[in-house]
Every structure is written in C-alpha cells, then in structure tokens.
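Reviewing the structure listed below.
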Amino acid sequence: MRYSAFSIFRNGLSGQKNWQRAWRAAEPKPTYDVIIVGGGGHGLSTAFYLAENHGIRNVAVLEKGYIGGGNVGRNTTVIRSNYLLDGNTQFYEFSVKLWEGLSQALNFNVMFSQRGQIVTAHSADQLDAFSHRANIMRLNGIDADILDRDEVRRLVPYLDFSDTARFPIHGAILQGRAGTARHDAVAWGYARAADGHGVDIIQNCEVTGFVRDGDRIVGVETSKGRIGAGKVGLAVAGHTSVLGRKAGLELPIESHVLQAFVTEPLKPLVDHVVAYGADHFYVSQSDKGGLVFGGNLDGYNSYAQRGNLGVVREVSEAAIALMPCISRVRLLRHWGGVMDMTPDASPIICPTPIDGLYLNGGWCYGGFKATPASGWCFAHTLATGTPHPLIAAYRLDRFRTGRTLDEAGVGPSAWLQ
Ligand SMILES: Cc1cc2nc3c(=O)[nH]c(=O)nc-3n(C[C@H](O)[C@H](O)[C@H](O)COP(=O)(O)OP(=O)(O)OC[C@H]3O[C@@H](n4cnc5c(N)ncnc54)[C@H](O)[C@@H]3O)c2cc1C
C-alpha cells in the first residue's frame, strides 16, 4: 500500500482498521542469493538498494533482535558532510544528497530536518583550522560558512557569551544543509520499502556461525536453522569483530559504549545542531521538545547497551560550560549503544579475503548519517563483486598497507589504544 493523502483519507473512513503491516513477518527460505546479517540501518538500506538498483530480490535480512533495536534506533541522528579528506568528502556528501530525497524514495517520512550544524571555535587558531575546512568543503561543492562571534551570538544566543565563559567563543563553522532525521523511521522506512521489493526481513534470528564449502562461505547457521546464500554481507555494527572472528577474520575493530541523553520537553529553544569545539558535547532539540545530546565514548570495551555515570557527569559538565541554561533542565533518560571503533575512525566496506563474505562495519559513532550511501555502495559491491568507487578508500587492507584515513576534528576522533 502506498502512503498518500488518499490512503489516510480512505483508512480514516474505515476506522483505521485496514492498514497493512509495514513489512511481512517472514520465515527463512532454504537459500537466498544474498543474506545480510544485521537489521540496522546499514543492513536494511543495503537490502533495499540491492532490489531497487540491481534487481536482486531474493534477499534476506537476518536480525537477532527486532528492527530498530540496535544503534539505528539509539543514535542522536546528526547528519552532516563536513569532512576534509578525499575519500570521506565525496562519500558523505553523496549520503546527504540521498537523505534530501529519502522520504520520497521510500514513501515514508523520515523527518529529515536540515536545520544546520554549528561547531563553535574557542581560539583564533581553531577558527583558522575551521576556515581551512570550510574552504576545502566549498572546493568540493559542499556548503560551509564561517561565522564570527557576533553571528554565532545572533543564531544561538543561549550559549555562554559572558566574560566568565570557561572557553570564550571566537566564532564557528556552519553547515546549513546538515541536520537530523527520525532514527526509527529510517529503519522502518527502509524495512517497508525492502519488503515491498520482496526482501525477507527475519527478526529474532541470530547468526551463530558460517557454512563453508571449501574456502567459500555458502550460508549461515542461525537460531532458526541453516540458511544457504550465494553471498553473505555483514552489517552488524558493534558486533562486527564478533561475527568476523566466527568467519575467521581478525578485524582491527574494538567495541565501546557511546551514551546519549534526552531532557524533559521544553518549548522550542535549540534551532540547530550545536557542537562544542572545546569539549565533548553536542545538542539538538527533538520534535517532542527534549534536548537530545551526547559526548564521548565510555572508555572501556563493552557490549552492554548502557553506560556509566562518570560519562554522564563529564558530558553534563561540558554541556553547562557551553550552555549554562541547560543546568536548570531535568535529564529524562540516557542509554547506550555499542560502537565498532576502527584505528583511523573511518569505516570498512569491501569484499573480504574470504570468498562469498562481504563486510560493512567500523562506523564508529558516525554511521547513522552514512546509512543511505553505505547501503547504496554496499549493495553495488555485493551485486558486482567490486567496491563502488565512492568507498574505494574504505578497504580493509588499508591497515596493512598504511593508507589509513585519519579524520579527527569535526569528524569522529580516532580511537587508537
Ligand atoms: C548514542 C549514540 C549516538 C550516535 N549518534 C550518531 C549521530 O549523531 N550521527 C551519526 O551519524 N551516527 C551516530 N551514531 C552511530 C550510528 O548509530 C551507528 O554508526 C550506525 O547506526 C550503525 O549502523 P546500523 O544502523 O546498521 O547499526 P545497528 O542498528 O546496531 O544494526 C546492527 C544490527 O545487527 C544485529 N546483530 C548483531 N549481531 C547479530 C547476529 N549475530 N545475528 C543477527 N543480527 C545481529 C544487531 O541486533 C543490530 O540490530 C550514534 C550511536 C550511538 C550509540
């Protein structure tokens, strides 16, 4: 059923009783052309683009829990393409362009809101570095503006512009096309659209091992039995190294918890995404009114979807230093997600050395914004057997050859231990 004003009207007349399920409750078939392990944003978007762009519809997405239960439903939804390095810039800008048409492409409102992202600068040198970044973004056709202190004050007057500010604001970099989206709508929208193309979305189906024929992977062992596959794609985010090891791949990935926070609802206050250039804190306001914010990783390896109170304190301190009025607001909830951190903070999307096995992981804490481009490029890689040109830099062997893609600063921090 296509969602439209007419379908809302017609279902209104029949007491809202005739809506179809957004996707079928599929049970596994004996074999598929492609199996995607992981029903997060990346797995679902890959399945959708396999069908939509390449006509490959005999596809299953196997999810050990429920759709939207992983990081795709736990993140703070910041979408941006303010990258500096070749390899990152083109990929993330392509992703923002896909976001701009995503609700129409999926026939599902993902509530993409291009409210702009402001990153504050707290010294003349930092502002200079931001100018360098903005110039490179513009040379790559990506929108960027440098704001002086007065312009920042006009846009975000609730930040600390007093003489006693812990780190005085010198200016900021603004990407006007950056923004946020509704995270679970993204999962549901891709799931529904993939299902509409015949993809089987199988929940409560944990992949526990791999089936081999000689050196080739030809299927997976699951909690619902053995399922054959022409190709297997891993898109399991924080569990990438766990599944990789089961397949015989030792990956340069560590799993860490990242927390997010939401306050009680307020009247409209924060119109942009605002990130603190002097410490780990960023904030936006949800449509329900809560201030959604986050900071740095909990600094230990974990697979728990919750964090510790020390980070709550650190993030709150940074929040109050930038935005003193937030000290009056009550914290409503906080939660955690498991991050797959690579040594250079860039992802890995490529065929693996194991025949039949393809990898999409290492998204660190920046993978939500990549969801459309990641699925698009991973689907291309699975369909053709060769990496899409936009992900050429995200090869696994870069850690052996030394061609790493370190992008700290406005991008996620590298996480070398
Ligand atoms: C608190 C927080 C804030 C964040 N903020 C941002 C942000 O503002 N912007 C941004 O771009 N990114 C952000 N991220 C990162 C982003 O959420 C992730 O990089 C991205 O969602 C990961 O891809 P995914 O959606 O496919 O992951 P997930 O949704 O985690 O999907 C992976 C799925 O694999 C499943 N799985 C695991 N093992 C198995 C198995 N053995 N068998 C079957 N299924 C399995 C899991 O259950 C899970 O559903 C944030 C993350 C967190 C936790």
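By order of appearance in the structure tokens: chains A, B, ..., then residues from 1 within every chain, and ligands from 1 in the order shown.
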
Write out as a Markdown table the residues of region 179-270 of chain A that have any atom within 6 Å of an atom of region 104-122 of chain A, one row each with the nearest atom pair and its distance in Å to one decimal, counting only C-alpha atoms, sorted by chain and then rising number.
| residue | atom | partner | partner_atom | distance |
| --- | --- | --- | --- | --- |
| A:Gly179 | CA | A:Gln114 | CA | 4.3 |
| A:Thr180 | CA | A:Ser113 | CA | 5.3 |
| A:Ala181 | CA | A:Phe112 | CA | 4.2 |
| A:Arg182 | CA | A:Met111 | CA | 5.5 |
| A:Ala185 | CA | A:Val110 | CA | 5.1 |
| A:Val186 | CA | A:Val110 | CA | 5.5 |
| A:Gly189 | CA | A:Phe108 | CA | 5.3 |
| A:Ala193 | CA | A:Leu106 | CA | 5.8 |

Save out the residues we just selected, N, CA and C atoms, as a short mmCIF file (atom, residue, chain, number, x, y, z; two decimals), in the first residue's frame.
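Saved file again_23.cif follows:
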data_model
loop_
_atom_site.label_atom_id
_atom_site.label_comp_id
_atom_site.auth_asym_id
_atom_site.auth_seq_id
_atom_site.Cartn_x
_atom_site.Cartn_y
_atom_site.Cartn_z
N GLY A 179 21.79 18.34 9.48
CA GLY A 179 20.56 18.32 10.26
C GLY A 179 20.35 17.01 11.00
N THR A 180 19.09 16.65 11.15
CA THR A 180 18.73 15.44 11.89
C THR A 180 17.60 14.72 11.13
N ALA A 181 17.37 13.46 11.51
CA ALA A 181 16.23 12.71 10.96
C ALA A 181 15.65 11.89 12.10
N ARG A 182 14.48 11.32 11.88
CA ARG A 182 13.86 10.47 12.89
C ARG A 182 14.45 9.06 12.75
N ALA A 185 12.24 5.89 12.18
CA ALA A 185 11.53 6.00 10.88
C ALA A 185 12.45 5.57 9.74
N VAL A 186 13.74 5.81 9.90
CA VAL A 186 14.69 5.41 8.86
C VAL A 186 14.72 3.88 8.77
N GLY A 189 11.28 2.76 7.47
CA GLY A 189 11.10 3.13 6.06
C GLY A 189 11.86 2.21 5.13
N ALA A 193 10.19 -0.55 2.57
CA ALA A 193 10.47 -0.44 1.13
C ALA A 193 11.18 -1.70 0.62
#

Item checked: Who sits within 10 Å of Ala165 (chain A), only C-alpha atoms, same chain under 2 positions skipped, as a PyMOL selection string -> chain A and resi 159-163+167-169+321-324

Next item on the list: For region 401-405 of chain A, list every protein, DNA or RNA residue within 10 Å, evaluated using only C-alpha atoms, and leave out those in the same chain fewer than 6 positions away; present the list as number ranges by chain.
Entry: A: 85-88, 343-347, 393-395, 414

Restricting it to C-alpha atoms, dump the selection as a PDB file, in the first residue's frame.
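Output below, filename again-v2.pdb:
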ATOM      1  CA  LEU A  85      39.822  14.260   3.418  1.00  0.00           C
ATOM      2  CA  ASP A  86      39.466  12.859  -0.055  1.00  0.00           C
ATOM      3  CA  GLY A  87      37.557   9.605   0.255  1.00  0.00           C
ATOM      4  CA  ASN A  88      35.359  10.921   3.068  1.00  0.00           C
ATOM      5  CA  PRO A 343      42.006   2.762  14.484  1.00  0.00           C
ATOM      6  CA  ASP A 344      41.539   5.613  11.955  1.00  0.00           C
ATOM      7  CA  ALA A 345      37.862   6.402  12.723  1.00  0.00           C
ATOM      8  CA  SER A 346      36.820   5.518   9.151  1.00  0.00           C
ATOM      9  CA  PRO A 347      34.576   2.604   8.154  1.00  0.00           C
ATOM     10  CA  ALA A 393      39.199   4.329   0.494  1.00  0.00           C
ATOM     11  CA  TYR A 394      37.321   2.102   2.959  1.00  0.00           C
ATOM     12  CA  ARG A 395      39.242  -1.083   2.137  1.00  0.00           C
ATOM     13  CA  ALA A 414      40.387   8.275  16.050  1.00  0.00           C
TER      14      ALA A 414
END

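Closest approach to ligand 1 among A:His272, A:Arg24, A:Lys369, A:His256 is made by A:Lys369 (distances from only C-alpha atoms and all ligand atoms).
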
Check: Which neighbours of region 38-52 of chain A fall inside 9 Å, counting only C-alpha atoms, when residues of the same chain fewer than 5 positions from it are skipped, and could you give them as a VMD selection string?
Finding: chain A and resid 57 to 73 183 to 184 186 to 188 190 to 191 193 to 195 197 to 199 201 to 203 206 to 207 233 to 237 360 to 361 367 to 368 370 to 380 382 to 383

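Here CA of Tyr158 (chain A) and CA of Gly176 (chain A) stand 19.1 Å from one another.
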
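With only C-alpha atoms taken into account, the protein and nucleic acid residues at most 8 Å from Phe130 (chain A) (excluding it and anything under 3 positions from it in its own chain) are A:Ala121, A:Gln126, A:Leu127, A:Arg133, A:Ala134, A:Ile146, A:Ala172, A:Ile173.
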
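The space separating CA of Gly248 (chain A) from CA of Gly219 (chain A) comes to 14.4 Å.
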
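Among A:Ser316, A:Gln259, A:Gly230, A:Arg10, the residue with the shortest atom-to-atom distance to Asp213 (chain A), counting only C-alpha atoms, is A:Gly230.
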
Note to self: Can you pull out the residues contacting Val329 (chain A)? Cut-off 10 Å, using only C-alpha atoms, and skip same-chain residues under 4 positions away; I want them as a VMD selection string.
What the structure shows: chain A and resid 263 to 266 290 to 291 325

Next item on the list: Give me the residues within 7 Å of Ser241 (chain A) as a ChimeraX atom specification, counting only C-alpha atoms and dropping any in the same chain fewer than 4 places off.
Entry: /A:245,251,253

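With only C-alpha atoms and all ligand atoms as the basis for measurement, A:Val242 is the residue among A:Arg313, A:Val242, A:Phe399, A:Pro387 that approaches ligand 1 most closely.
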
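Considering the residues A:Asp406, A:Asp145, A:Asp397, A:Asp298 and counting only C-alpha atoms and all ligand atoms, ligand 1 has its shortest atom-to-atom contact with A:Asp298.
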
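Closest approach to ligand 1 among A:Pro28, A:Gly385, A:Pro157, A:Gly209: A:Gly209, based on only C-alpha atoms and all ligand atoms.
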
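Pairwise distance (atom 34 (O, counted along the ligand's line) of ligand 1, CA of Arg2 (chain A)) equals 27.9 Å.
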
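Each of A:Val211, A:Ile326, A:Met341, A:Leu139 was checked against ligand 1 using only C-alpha atoms and all ligand atoms; the smallest atom-to-atom distance is that of A:Met341.
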